[in-house]
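File shown here: data-v6.pdb, holding PDB, N, CA and C atoms.
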ATOM      1  N   MET A 246       5.290  63.492  38.324
ATOM      2  CA  MET A 246       5.787  62.220  37.863
ATOM      3  C   MET A 246       6.210  62.374  36.400
ATOM      4  N   THR A 247       7.446  61.997  36.109
ATOM      5  CA  THR A 247       7.931  62.096  34.738
ATOM      6  C   THR A 247       7.620  60.822  33.970
ATOM      7  N   VAL A 248       7.490  60.963  32.666
ATOM      8  CA  VAL A 248       7.238  59.828  31.781
ATOM      9  C   VAL A 248       8.557  59.428  31.150
ATOM     10  N   SER A 249       8.825  58.142  31.087
ATOM     11  CA  SER A 249      10.060  57.677  30.478
ATOM     12  C   SER A 249      10.029  57.890  28.962
ATOM     13  N   GLN A 250      11.199  57.843  28.355
ATOM     14  CA  GLN A 250      11.290  58.053  26.910
ATOM     15  C   GLN A 250      10.604  56.926  26.140
ATOM     16  N   ILE A 251      10.603  55.729  26.711
ATOM     17  CA  ILE A 251       9.960  54.575  26.083
ATOM     18  C   ILE A 251       8.749  54.194  26.923
ATOM     19  N   THR A 252       7.581  54.149  26.284
ATOM     20  CA  THR A 252       6.348  53.770  26.973
ATOM     21  C   THR A 252       5.607  52.741  26.135
ATOM     22  N   THR A 253       4.619  52.110  26.755
ATOM     23  CA  THR A 253       3.802  51.139  26.033
ATOM     24  C   THR A 253       2.365  51.197  26.552
ATOM     25  N   HIS A 254       1.482  50.639  25.769
ATOM     26  CA  HIS A 254       0.061  50.559  26.104
ATOM     27  C   HIS A 254      -0.423  49.217  25.572
ATOM     28  N   VAL A 255      -0.975  48.380  26.430
ATOM     29  CA  VAL A 255      -1.454  47.064  26.016
ATOM     30  C   VAL A 255      -2.979  47.058  26.035
ATOM     31  N   LEU A 256      -3.558  46.695  24.917
ATOM     32  CA  LEU A 256      -5.015  46.594  24.799
ATOM     33  C   LEU A 256      -5.393  45.146  24.546
ATOM     34  N   ASP A 257      -6.352  44.660  25.301
ATOM     35  CA  ASP A 257      -6.875  43.303  25.119
ATOM     36  C   ASP A 257      -7.931  43.382  24.020
ATOM     37  N   ALA A 258      -7.551  43.010  22.813
ATOM     38  CA  ALA A 258      -8.436  43.135  21.648
ATOM     39  C   ALA A 258      -9.609  42.159  21.710
ATOM     40  N   GLN A 259      -9.438  41.033  22.387
ATOM     41  CA  GLN A 259     -10.535  40.072  22.503
ATOM     42  C   GLN A 259     -11.661  40.638  23.365
ATOM     43  N   ARG A 260     -11.300  41.302  24.452
ATOM     44  CA  ARG A 260     -12.303  41.834  25.377
ATOM     45  C   ARG A 260     -12.651  43.290  25.079
ATOM     46  N   GLY A 261     -11.814  43.972  24.286
ATOM     47  CA  GLY A 261     -12.069  45.367  23.951
ATOM     48  C   GLY A 261     -11.803  46.327  25.093
ATOM     49  N   VAL A 262     -10.815  46.003  25.942
ATOM     50  CA  VAL A 262     -10.484  46.828  27.101
ATOM     51  C   VAL A 262      -8.963  46.898  27.267
ATOM     52  N   PRO A 263      -8.471  47.854  28.062
ATOM     53  CA  PRO A 263      -7.044  47.872  28.388
ATOM     54  C   PRO A 263      -6.663  46.595  29.133
ATOM     55  N   ALA A 264      -5.386  46.246  29.079
ATOM     56  CA  ALA A 264      -4.888  45.029  29.728
ATOM     57  C   ALA A 264      -4.026  45.404  30.944
ATOM     58  N   PRO A 265      -4.633  45.475  32.125
ATOM     59  CA  PRO A 265      -3.849  45.789  33.325
ATOM     60  C   PRO A 265      -3.081  44.572  33.817
ATOM     61  N   GLY A 266      -1.972  44.812  34.507
ATOM     62  CA  GLY A 266      -1.241  43.725  35.151
ATOM     63  C   GLY A 266      -0.331  42.930  34.241
ATOM     64  N   VAL A 267      -0.033  43.424  33.051
ATOM     65  CA  VAL A 267       0.888  42.713  32.149
ATOM     66  C   VAL A 267       2.321  43.097  32.520
ATOM     67  N   GLY A 268       3.131  42.114  32.829
ATOM     68  CA  GLY A 268       4.537  42.363  33.116
ATOM     69  C   GLY A 268       5.273  42.755  31.838
ATOM     70  N   VAL A 269       6.121  43.790  31.939
ATOM     71  CA  VAL A 269       6.863  44.294  30.787
ATOM     72  C   VAL A 269       8.321  44.475  31.183
ATOM     73  N   GLU A 270       9.221  44.007  30.331
ATOM     74  CA  GLU A 270      10.652  44.189  30.556
ATOM     75  C   GLU A 270      11.247  44.910  29.365
ATOM     76  N   LEU A 271      12.056  45.927  29.623
ATOM     77  CA  LEU A 271      12.759  46.681  28.586
ATOM     78  C   LEU A 271      14.234  46.308  28.636
ATOM     79  N   SER A 272      14.786  45.958  27.462
ATOM     80  CA  SER A 272      16.205  45.611  27.360
ATOM     81  C   SER A 272      16.827  46.369  26.201
ATOM     82  N   ARG A 273      18.153  46.549  26.267
ATOM     83  CA  ARG A 273      18.914  47.224  25.210
ATOM     84  C   ARG A 273      19.971  46.261  24.683
ATOM     85  N   ARG A 274      20.138  46.234  23.362
ATOM     86  CA  ARG A 274      21.157  45.357  22.774
ATOM     87  C   ARG A 274      22.526  45.831  23.238
ATOM     88  N   SER A 275      23.310  44.867  23.689
ATOM     89  CA  SER A 275      24.667  45.132  24.157
ATOM     90  C   SER A 275      25.559  44.039  23.604
ATOM     91  N   GLY A 276      26.314  44.370  22.575
ATOM     92  CA  GLY A 276      27.142  43.349  21.937
ATOM     93  C   GLY A 276      26.263  42.310  21.286
ATOM     94  N   GLU A 277      26.460  41.063  21.659
ATOM     95  CA  GLU A 277      25.669  39.962  21.086
ATOM     96  C   GLU A 277      24.442  39.616  21.921
ATOM     97  N   GLY A 278      24.261  40.288  23.053
ATOM     98  CA  GLY A 278      23.145  39.952  23.941
ATOM     99  C   GLY A 278      22.269  41.144  24.247
ATOM    100  N   TRP A 279      21.489  41.005  25.317
ATOM    101  CA  TRP A 279      20.551  42.039  25.744
ATOM    102  C   TRP A 279      20.808  42.380  27.196
ATOM    103  N   GLU A 280      20.848  43.676  27.494
ATOM    104  CA  GLU A 280      21.074  44.165  28.844
ATOM    105  C   GLU A 280      19.768  44.729  29.401
ATOM    106  N   PRO A 281      19.313  44.242  30.563
ATOM    107  CA  PRO A 281      18.076  44.775  31.144
ATOM    108  C   PRO A 281      18.201  46.268  31.447
ATOM    109  N   VAL A 282      17.139  47.011  31.149
ATOM    110  CA  VAL A 282      17.090  48.448  31.430
ATOM    111  C   VAL A 282      16.074  48.729  32.535
ATOM    112  N   ALA A 283      14.890  48.147  32.409
ATOM    113  CA  ALA A 283      13.827  48.400  33.383
ATOM    114  C   ALA A 283      12.749  47.336  33.248
ATOM    115  N   SER A 284      11.900  47.269  34.253
ATOM    116  CA  SER A 284      10.737  46.388  34.176
ATOM    117  C   SER A 284       9.586  47.070  34.892
ATOM    118  N   GLY A 285       8.395  46.622  34.579
ATOM    119  CA  GLY A 285       7.216  47.195  35.198
ATOM    120  C   GLY A 285       5.994  46.368  34.889
ATOM    121  N   THR A 286       4.856  46.911  35.244
ATOM    122  CA  THR A 286       3.579  46.252  35.023
ATOM    123  C   THR A 286       2.604  47.294  34.509
ATOM    124  N   THR A 287       1.771  46.912  33.566
ATOM    125  CA  THR A 287       0.791  47.870  33.058
ATOM    126  C   THR A 287      -0.209  48.237  34.150
ATOM    127  N   ASP A 288      -0.623  49.507  34.136
ATOM    128  CA  ASP A 288      -1.564  50.011  35.137
ATOM    129  C   ASP A 288      -3.011  49.668  34.741
ATOM    130  N   ALA A 289      -3.967  50.211  35.463
ATOM    131  CA  ALA A 289      -5.388  49.911  35.219
ATOM    132  C   ALA A 289      -5.835  50.303  33.819
ATOM    133  N   ASP A 290      -5.129  51.254  33.202
ATOM    134  CA  ASP A 290      -5.439  51.682  31.838
ATOM    135  C   ASP A 290      -4.587  50.936  30.809
ATOM    136  N   GLY A 291      -3.844  49.908  31.241
ATOM    137  CA  GLY A 291      -3.018  49.122  30.328
ATOM    138  C   GLY A 291      -1.725  49.805  29.924
ATOM    139  N   ARG A 292      -1.325  50.849  30.637
ATOM    140  CA  ARG A 292      -0.142  51.629  30.257
ATOM    141  C   ARG A 292       1.031  51.390  31.206
ATOM    142  N   ALA A 293       2.236  51.475  30.640
ATOM    143  CA  ALA A 293       3.471  51.498  31.421
ATOM    144  C   ALA A 293       4.200  52.775  31.006
ATOM    145  N   LYS A 294       4.121  53.797  31.872
ATOM    146  CA  LYS A 294       4.681  55.119  31.549
ATOM    147  C   LYS A 294       6.042  55.361  32.191
ATOM    148  N   GLN A 295       6.370  54.624  33.236
ATOM    149  CA  GLN A 295       7.660  54.759  33.898
ATOM    150  C   GLN A 295       8.477  53.503  33.629
ATOM    151  N   LEU A 296       8.857  53.335  32.383
ATOM    152  CA  LEU A 296       9.584  52.142  31.961
ATOM    153  C   LEU A 296      10.998  52.550  31.565
ATOM    154  N   GLY A 297      11.825  52.791  32.548
ATOM    155  CA  GLY A 297      13.187  53.204  32.281
ATOM    156  C   GLY A 297      13.359  54.689  32.501
ATOM    157  N   PRO A 298      14.508  55.195  32.117
ATOM    158  CA  PRO A 298      14.832  56.601  32.383
ATOM    159  C   PRO A 298      14.096  57.573  31.463
ATOM    160  N   GLU A 299      14.171  58.841  31.847
ATOM    161  CA  GLU A 299      13.586  59.907  31.038
ATOM    162  C   GLU A 299      14.221  59.969  29.657
ATOM    163  N   ARG A 300      15.487  59.594  29.563
ATOM    164  CA  ARG A 300      16.209  59.637  28.297
ATOM    165  C   ARG A 300      17.100  58.397  28.203
ATOM    166  N   VAL A 301      17.082  57.748  27.045
ATOM    167  CA  VAL A 301      17.946  56.595  26.792
ATOM    168  C   VAL A 301      18.818  56.904  25.580
ATOM    169  N   PRO A 302      19.993  56.291  25.499
ATOM    170  CA  PRO A 302      20.818  56.483  24.313
ATOM    171  C   PRO A 302      20.193  55.782  23.114
ATOM    172  N   GLY A 303      20.504  56.252  21.932
ATOM    173  CA  GLY A 303      20.011  55.589  20.728
ATOM    174  C   GLY A 303      20.508  54.157  20.666
ATOM    175  N   GLY A 304      19.786  53.321  19.955
ATOM    176  CA  GLY A 304      20.194  51.926  19.803
ATOM    177  C   GLY A 304      19.006  51.009  19.610
ATOM    178  N   GLU A 305      19.289  49.719  19.671
ATOM    179  CA  GLU A 305      18.241  48.705  19.531
ATOM    180  C   GLU A 305      17.714  48.333  20.912
ATOM    181  N   TYR A 306      16.403  48.301  21.011
ATOM    182  CA  TYR A 306      15.732  47.959  22.259
ATOM    183  C   TYR A 306      14.727  46.848  22.020
ATOM    184  N   ARG A 307      14.282  46.245  23.117
ATOM    185  CA  ARG A 307      13.295  45.163  23.032
ATOM    186  C   ARG A 307      12.379  45.250  24.244
ATOM    187  N   LEU A 308      11.088  45.093  23.991
ATOM    188  CA  LEU A 308      10.108  44.948  25.065
ATOM    189  C   LEU A 308       9.651  43.498  25.096
ATOM    190  N   ARG A 309       9.622  42.930  26.290
ATOM    191  CA  ARG A 309       9.110  41.571  26.491
ATOM    192  C   ARG A 309       7.863  41.686  27.355
ATOM    193  N   PHE A 310       6.750  41.175  26.835
ATOM    194  CA  PHE A 310       5.467  41.210  27.532
ATOM    195  C   PHE A 310       5.147  39.807  28.042
ATOM    196  N   ASP A 311       4.820  39.670  29.317
ATOM    197  CA  ASP A 311       4.473  38.380  29.915
ATOM    198  C   ASP A 311       2.988  38.102  29.684
ATOM    199  N   THR A 312       2.655  37.771  28.459
ATOM    200  CA  THR A 312       1.258  37.555  28.076
ATOM    201  C   THR A 312       0.705  36.249  28.649
ATOM    202  N   GLY A 313       1.571  35.278  28.863
ATOM    203  CA  GLY A 313       1.112  34.016  29.434
ATOM    204  C   GLY A 313       0.509  34.206  30.815
ATOM    205  N   ALA A 314       1.188  34.958  31.664
ATOM    206  CA  ALA A 314       0.674  35.208  33.025
ATOM    207  C   ALA A 314      -0.606  36.032  32.976
ATOM    208  N   TYR A 315      -0.676  37.003  32.051
ATOM    209  CA  TYR A 315      -1.878  37.831  31.930
ATOM    210  C   TYR A 315      -3.092  36.972  31.601
ATOM    211  N   PHE A 316      -2.972  36.104  30.604
ATOM    212  CA  PHE A 316      -4.112  35.268  30.223
ATOM    213  C   PHE A 316      -4.400  34.185  31.260
ATOM    214  N   ALA A 317      -3.356  33.642  31.892
ATOM    215  CA  ALA A 317      -3.557  32.610  32.916
ATOM    216  C   ALA A 317      -4.372  33.161  34.087
ATOM    217  N   ALA A 318      -4.178  34.430  34.417
ATOM    218  CA  ALA A 318      -4.904  35.043  35.533
ATOM    219  C   ALA A 318      -6.411  35.041  35.313
ATOM    220  N   SER A 319      -6.839  35.006  34.053
ATOM    221  CA  SER A 319      -8.283  34.971  33.770
ATOM    222  C   SER A 319      -8.730  33.594  33.279
ATOM    223  N   GLY A 320      -7.841  32.599  33.371
ATOM    224  CA  GLY A 320      -8.183  31.242  32.948
ATOM    225  C   GLY A 320      -8.330  31.106  31.443
ATOM    226  N   THR A 321      -7.637  31.969  30.686
ATOM    227  CA  THR A 321      -7.732  31.959  29.220
ATOM    228  C   THR A 321      -6.502  31.297  28.626
ATOM    229  N   ASP A 322      -6.717  30.288  27.772
ATOM    230  CA  ASP A 322      -5.602  29.668  27.055
ATOM    231  C   ASP A 322      -5.036  30.653  26.050
ATOM    232  N   THR A 323      -3.721  30.577  25.827
ATOM    233  CA  THR A 323      -3.077  31.427  24.840
ATOM    234  C   THR A 323      -2.000  30.654  24.101
ATOM    235  N   PHE A 324      -1.768  31.020  22.882
ATOM    236  CA  PHE A 324      -0.719  30.407  22.071
ATOM    237  C   PHE A 324       0.626  31.078  22.334
ATOM    238  N   TYR A 325       0.602  32.339  22.761
ATOM    239  CA  TYR A 325       1.820  33.130  22.952
ATOM    240  C   TYR A 325       2.072  33.394  24.434
ATOM    241  N   PRO A 326       3.008  32.669  25.061
ATOM    242  CA  PRO A 326       3.297  32.912  26.471
ATOM    243  C   PRO A 326       4.051  34.224  26.691
ATOM    244  N   GLU A 327       4.650  34.741  25.632
ATOM    245  CA  GLU A 327       5.310  36.032  25.703
ATOM    246  C   GLU A 327       5.300  36.662  24.322
ATOM    247  N   VAL A 328       5.422  37.983  24.309
ATOM    248  CA  VAL A 328       5.545  38.725  23.060
ATOM    249  C   VAL A 328       6.810  39.555  23.168
ATOM    250  N   LEU A 329       7.670  39.446  22.154
ATOM    251  CA  LEU A 329       8.886  40.241  22.084
ATOM    252  C   LEU A 329       8.764  41.215  20.927
ATOM    253  N   ILE A 330       9.000  42.492  21.197
ATOM    254  CA  ILE A 330       8.963  43.511  20.157
ATOM    255  C   ILE A 330      10.302  44.233  20.156
ATOM    256  N   GLY A 331      11.031  44.104  19.055
ATOM    257  CA  GLY A 331      12.289  44.813  18.888
ATOM    258  C   GLY A 331      12.059  46.093  18.109
ATOM    259  N   PHE A 332      12.796  47.149  18.459
ATOM    260  CA  PHE A 332      12.633  48.437  17.782
ATOM    261  C   PHE A 332      13.908  49.256  17.960
ATOM    262  N   THR A 333      14.028  50.297  17.163
ATOM    263  CA  THR A 333      15.203  51.160  17.198
ATOM    264  C   THR A 333      14.830  52.526  17.756
ATOM    265  N   VAL A 334      15.631  53.016  18.671
ATOM    266  CA  VAL A 334      15.463  54.356  19.222
ATOM    267  C   VAL A 334      16.546  55.241  18.605
ATOM    268  N   ALA A 335      16.119  56.329  17.964
ATOM    269  CA  ALA A 335      17.073  57.287  17.406
ATOM    270  C   ALA A 335      17.717  58.065  18.548
ATOM    271  N   ASP A 336      18.899  58.566  18.315
ATOM    272  CA  ASP A 336      19.609  59.312  19.349
ATOM    273  C   ASP A 336      19.228  60.791  19.310
ATOM    274  N   ASP A 337      17.923  61.067  19.247
ATOM    275  CA  ASP A 337      17.458  62.452  19.162
ATOM    276  C   ASP A 337      16.542  62.829  20.326
ATOM    277  N   GLY A 338      16.357  61.911  21.259
ATOM    278  CA  GLY A 338      15.565  62.204  22.446
ATOM    279  C   GLY A 338      14.061  62.136  22.272
ATOM    280  N   ARG A 339      13.584  61.795  21.054
ATOM    281  CA  ARG A 339      12.135  61.719  20.846
ATOM    282  C   ARG A 339      11.528  60.571  21.645
ATOM    283  N   HIS A 340      10.308  60.766  22.069
ATOM    284  CA  HIS A 340       9.552  59.750  22.790
ATOM    285  C   HIS A 340       9.261  58.568  21.865
ATOM    286  N   SER A 341       9.397  57.356  22.383
ATOM    287  CA  SER A 341       9.063  56.140  21.635
ATOM    288  C   SER A 341       7.931  55.421  22.353
ATOM    289  N   HIS A 342       6.774  55.353  21.701
ATOM    290  CA  HIS A 342       5.609  54.667  22.266
ATOM    291  C   HIS A 342       5.367  53.413  21.441
ATOM    292  N   VAL A 343       5.328  52.255  22.122
ATOM    293  CA  VAL A 343       5.212  50.960  21.448
ATOM    294  C   VAL A 343       3.962  50.252  21.960
ATOM    295  N   PRO A 344       2.808  50.451  21.305
ATOM    296  CA  PRO A 344       1.571  49.805  21.732
ATOM    297  C   PRO A 344       1.527  48.326  21.322
ATOM    298  N   LEU A 345       0.752  47.560  22.085
ATOM    299  CA  LEU A 345       0.534  46.146  21.771
ATOM    300  C   LEU A 345      -0.962  45.878  21.799
ATOM    301  N   LEU A 346      -1.494  45.373  20.687
ATOM    302  CA  LEU A 346      -2.882  44.916  20.613
ATOM    303  C   LEU A 346      -2.829  43.402  20.762
ATOM    304  N   LEU A 347      -3.491  42.889  21.773
ATOM    305  CA  LEU A 347      -3.298  41.518  22.202
ATOM    306  C   LEU A 347      -4.590  40.717  22.208
ATOM    307  N   SER A 348      -4.496  39.479  21.750
ATOM    308  CA  SER A 348      -5.566  38.505  21.938
ATOM    309  C   SER A 348      -4.881  37.165  22.209
ATOM    310  N   PRO A 349      -5.605  36.142  22.639
ATOM    311  CA  PRO A 349      -4.954  34.886  23.003
ATOM    312  C   PRO A 349      -4.204  34.206  21.850
ATOM    313  N   PHE A 350      -4.616  34.475  20.608
ATOM    314  CA  PHE A 350      -4.012  33.760  19.488
ATOM    315  C   PHE A 350      -3.475  34.674  18.402
ATOM    316  N   ALA A 351      -3.322  35.961  18.718
ATOM    317  CA  ALA A 351      -2.761  36.917  17.767
ATOM    318  C   ALA A 351      -2.328  38.175  18.507
ATOM    319  N   TYR A 352      -1.424  38.921  17.887
ATOM    320  CA  TYR A 352      -1.052  40.227  18.414
ATOM    321  C   TYR A 352      -0.548  41.099  17.274
ATOM    322  N   SER A 353      -0.594  42.397  17.486
ATOM    323  CA  SER A 353      -0.035  43.338  16.510
ATOM    324  C   SER A 353       0.494  44.551  17.249
ATOM    325  N   THR A 354       1.324  45.307  16.572
ATOM    326  CA  THR A 354       1.916  46.485  17.145
ATOM    327  C   THR A 354       2.129  47.511  16.044
ATOM    328  N   TYR A 355       2.455  48.708  16.447
ATOM    329  CA  TYR A 355       2.735  49.780  15.489
ATOM    330  C   TYR A 355       3.536  50.842  16.235
ATOM    331  N   ARG A 356       4.093  51.773  15.508
ATOM    332  CA  ARG A 356       4.794  52.879  16.169
ATOM    333  C   ARG A 356       3.766  53.909  16.599
ATOM    334  N   GLY A 357       3.650  54.092  17.879
ATOM    335  CA  GLY A 357       2.686  55.047  18.410
ATOM    336  C   GLY A 357       3.285  56.434  18.541
ATOM    337  N   SER A 358       2.505  57.319  19.090
ATOM    338  CA  SER A 358       3.017  58.682  19.304
ATOM    339  C   SER A 358       2.766  59.133  20.727
TER
END
Encoded form using structure tokens:
Amino acid sequence: MTVSQITTHVLDAQRGVPAPGVGVELSRRSGEGWEPVASGTTDADGRAKQLGPERVPGGEYRLRFDTGAYFAASGTDTFYPEVLIGFTVADDGRHSHVPLLLSPFAYSTYRGS
């Protein structure tokens, strides 16, 4: 199984565990809008490793996380029904890992490796 060039890992910071079952959509900027590239769901370890092709062209990308559905499944109220993270992929083929640390009323991200 190959890993896509863009991957993510969602951690539930409130519970201190990975966040399985989070819907994730990857889009690429196209003109003035966004073109869907791939979608998936985080696995039992909170990871989405097959999120699009093995290689993507350089450009601006965005991950959309369906955090509202994730928290609703456990009966947890949340302020953020979705999280959008925009980032730039260089045209050099390097892997881009975009982690999300999530809680019902806050989130953070960083460039992973």
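As for atom CA of Leu271 of chain A and atom N of Leu329 of chain A, they are spaced 10.9 Å apart.
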Find the residues near segment 313-318 of chain A: any atom within 8 Å, counting only N, CA and C atoms, skip ones fewer than 3 places away on the same chain, and give them as a tab-separated table (two decimals) with N, CA and C atoms, in the frame of the given file.
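Result written to result_21.tsv:
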chain	number	residue	atom	x	y	z
A	264	ALA	N	-5.39	46.25	29.08
A	264	ALA	CA	-4.89	45.03	29.73
A	264	ALA	C	-4.03	45.40	30.94
A	265	PRO	N	-4.63	45.48	32.12
A	265	PRO	CA	-3.85	45.79	33.33
A	265	PRO	C	-3.08	44.57	33.82
A	266	GLY	N	-1.97	44.81	34.51
A	266	GLY	CA	-1.24	43.72	35.15
A	266	GLY	C	-0.33	42.93	34.24
A	267	VAL	N	-0.03	43.42	33.05
A	267	VAL	CA	0.89	42.71	32.15
A	267	VAL	C	2.32	43.10	32.52
A	268	GLY	N	3.13	42.11	32.83
A	268	GLY	CA	4.54	42.36	33.12
A	268	GLY	C	5.27	42.76	31.84
A	310	PHE	N	6.75	41.18	26.84
A	310	PHE	CA	5.47	41.21	27.53
A	310	PHE	C	5.15	39.81	28.04
A	321	THR	N	-7.64	31.97	30.69
A	321	THR	CA	-7.73	31.96	29.22
A	321	THR	C	-6.50	31.30	28.63
A	322	ASP	N	-6.72	30.29	27.77
A	322	ASP	CA	-5.60	29.67	27.06
A	322	ASP	C	-5.04	30.65	26.05
A	323	THR	N	-3.72	30.58	25.83
A	323	THR	CA	-3.08	31.43	24.84
A	323	THR	C	-2.00	30.65	24.10
A	324	PHE	N	-1.77	31.02	22.88
A	324	PHE	CA	-0.72	30.41	22.07
A	324	PHE	C	0.63	31.08	22.33
A	325	TYR	N	0.60	32.34	22.76
A	325	TYR	CA	1.82	33.13	22.95
A	325	TYR	C	2.07	33.39	24.43
A	326	PRO	N	3.01	32.67	25.06
A	326	PRO	CA	3.30	32.91	26.47
A	326	PRO	C	4.05	34.22	26.69
A	327	GLU	N	4.65	34.74	25.63
A	327	GLU	CA	5.31	36.03	25.70
A	327	GLU	C	5.30	36.66	24.32
A	328	VAL	N	5.42	37.98	24.31
A	328	VAL	CA	5.54	38.72	23.06
A	328	VAL	C	6.81	39.56	23.17
A	349	PRO	N	-5.60	36.14	22.64
A	349	PRO	CA	-4.95	34.89	23.00
A	349	PRO	C	-4.20	34.21	21.85
Hits of the PyMOL selection byres ((chain A and resi 286) around 8) in this structure, as a list of chain:residue names: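 Applied to this file, the PyMOL selection byres ((chain A and resi 286) around 8) selects A:Ala264, A:Pro265, A:Gly266, A:Val267, A:Gly268, A:Val269, A:Glu270, A:Ser284, A:Gly285, A:Thr287, A:Asp288, A:Ala289, A:Gly291, A:Arg292, A:Ala293, A:Lys294, A:Gln295, A:Leu296.
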Let me see the file: selected residues, N, CA and C atoms, as a PDB file, in the frame of the given file.
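File written: selection20.pdb
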ATOM      1  N   ALA A 264      -5.386  46.246  29.079  1.00  0.00           N
ATOM      2  CA  ALA A 264      -4.888  45.029  29.728  1.00  0.00           C
ATOM      3  C   ALA A 264      -4.026  45.404  30.944  1.00  0.00           C
ATOM      4  N   PRO A 265      -4.633  45.475  32.125  1.00  0.00           N
ATOM      5  CA  PRO A 265      -3.849  45.789  33.325  1.00  0.00           C
ATOM      6  C   PRO A 265      -3.081  44.572  33.817  1.00  0.00           C
ATOM      7  N   GLY A 266      -1.972  44.812  34.507  1.00  0.00           N
ATOM      8  CA  GLY A 266      -1.241  43.725  35.151  1.00  0.00           C
ATOM      9  C   GLY A 266      -0.331  42.930  34.241  1.00  0.00           C
ATOM     10  N   VAL A 267      -0.033  43.424  33.051  1.00  0.00           N
ATOM     11  CA  VAL A 267       0.888  42.713  32.149  1.00  0.00           C
ATOM     12  C   VAL A 267       2.321  43.097  32.520  1.00  0.00           C
ATOM     13  N   GLY A 268       3.131  42.114  32.829  1.00  0.00           N
ATOM     14  CA  GLY A 268       4.537  42.363  33.116  1.00  0.00           C
ATOM     15  C   GLY A 268       5.273  42.755  31.838  1.00  0.00           C
ATOM     16  N   VAL A 269       6.121  43.790  31.939  1.00  0.00           N
ATOM     17  CA  VAL A 269       6.863  44.294  30.787  1.00  0.00           C
ATOM     18  C   VAL A 269       8.321  44.475  31.183  1.00  0.00           C
ATOM     19  N   GLU A 270       9.221  44.007  30.331  1.00  0.00           N
ATOM     20  CA  GLU A 270      10.652  44.189  30.556  1.00  0.00           C
ATOM     21  C   GLU A 270      11.247  44.910  29.365  1.00  0.00           C
ATOM     22  N   SER A 284      11.900  47.269  34.253  1.00  0.00           N
ATOM     23  CA  SER A 284      10.737  46.388  34.176  1.00  0.00           C
ATOM     24  C   SER A 284       9.586  47.070  34.892  1.00  0.00           C
ATOM     25  N   GLY A 285       8.395  46.622  34.579  1.00  0.00           N
ATOM     26  CA  GLY A 285       7.216  47.195  35.198  1.00  0.00           C
ATOM     27  C   GLY A 285       5.994  46.368  34.889  1.00  0.00           C
ATOM     28  N   THR A 287       1.771  46.912  33.566  1.00  0.00           N
ATOM     29  CA  THR A 287       0.791  47.870  33.058  1.00  0.00           C
ATOM     30  C   THR A 287      -0.209  48.237  34.150  1.00  0.00           C
ATOM     31  N   ASP A 288      -0.623  49.507  34.136  1.00  0.00           N
ATOM     32  CA  ASP A 288      -1.564  50.011  35.137  1.00  0.00           C
ATOM     33  C   ASP A 288      -3.011  49.668  34.741  1.00  0.00           C
ATOM     34  N   ALA A 289      -3.967  50.211  35.463  1.00  0.00           N
ATOM     35  CA  ALA A 289      -5.388  49.911  35.219  1.00  0.00           C
ATOM     36  C   ALA A 289      -5.835  50.303  33.819  1.00  0.00           C
ATOM     37  N   GLY A 291      -3.844  49.908  31.241  1.00  0.00           N
ATOM     38  CA  GLY A 291      -3.018  49.122  30.328  1.00  0.00           C
ATOM     39  C   GLY A 291      -1.725  49.805  29.924  1.00  0.00           C
ATOM     40  N   ARG A 292      -1.325  50.849  30.637  1.00  0.00           N
ATOM     41  CA  ARG A 292      -0.142  51.629  30.257  1.00  0.00           C
ATOM     42  C   ARG A 292       1.031  51.390  31.206  1.00  0.00           C
ATOM     43  N   ALA A 293       2.236  51.475  30.640  1.00  0.00           N
ATOM     44  CA  ALA A 293       3.471  51.498  31.421  1.00  0.00           C
ATOM     45  C   ALA A 293       4.200  52.775  31.006  1.00  0.00           C
ATOM     46  N   LYS A 294       4.121  53.797  31.872  1.00  0.00           N
ATOM     47  CA  LYS A 294       4.681  55.119  31.549  1.00  0.00           C
ATOM     48  C   LYS A 294       6.042  55.361  32.191  1.00  0.00           C
ATOM     49  N   GLN A 295       6.370  54.624  33.236  1.00  0.00           N
ATOM     50  CA  GLN A 295       7.660  54.759  33.898  1.00  0.00           C
ATOM     51  C   GLN A 295       8.477  53.503  33.629  1.00  0.00           C
ATOM     52  N   LEU A 296       8.857  53.335  32.383  1.00  0.00           N
ATOM     53  CA  LEU A 296       9.584  52.142  31.961  1.00  0.00           C
ATOM     54  C   LEU A 296      10.998  52.550  31.565  1.00  0.00           C
TER      55      LEU A 296
END
Residue with smallest distance to Phe332 of chain A - pool A:Glu299, A:Leu256, A:Arg307, A:Trp279, counting only C-alpha atoms: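 Nearest to Phe332 of chain A: A:Arg307.
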Contacts of Pro298 of chain A within 6.5 Å, all atoms listed in the file, excl. fewer than 6 positions in-chain, as a list of chain:residue names: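 Listing them by chain and then by number gives A:Val248, A:Ser249, A:Gln250, A:Ile251.
Between atom C of Gly276 of chain A and atom N of Val255 of chain A there is a distance of 28.4 Å.
Using only C-alpha atoms, the nearest neighbour of Thr253 of chain A within the list A:Gly304, A:Gly278, A:Gly320, A:Gly297 is A:Gly297.
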Explicit residues for the PyMOL selection byres ((chain A and resi 337-348) around 6.5) (as a ChimeraX atom specification): /A:249-259,300,303,334-336,349-358
Atomic separation - atom C of Thr312 of chain A relative to atom N of Ala283 of chain A, Å: 18.9 Å
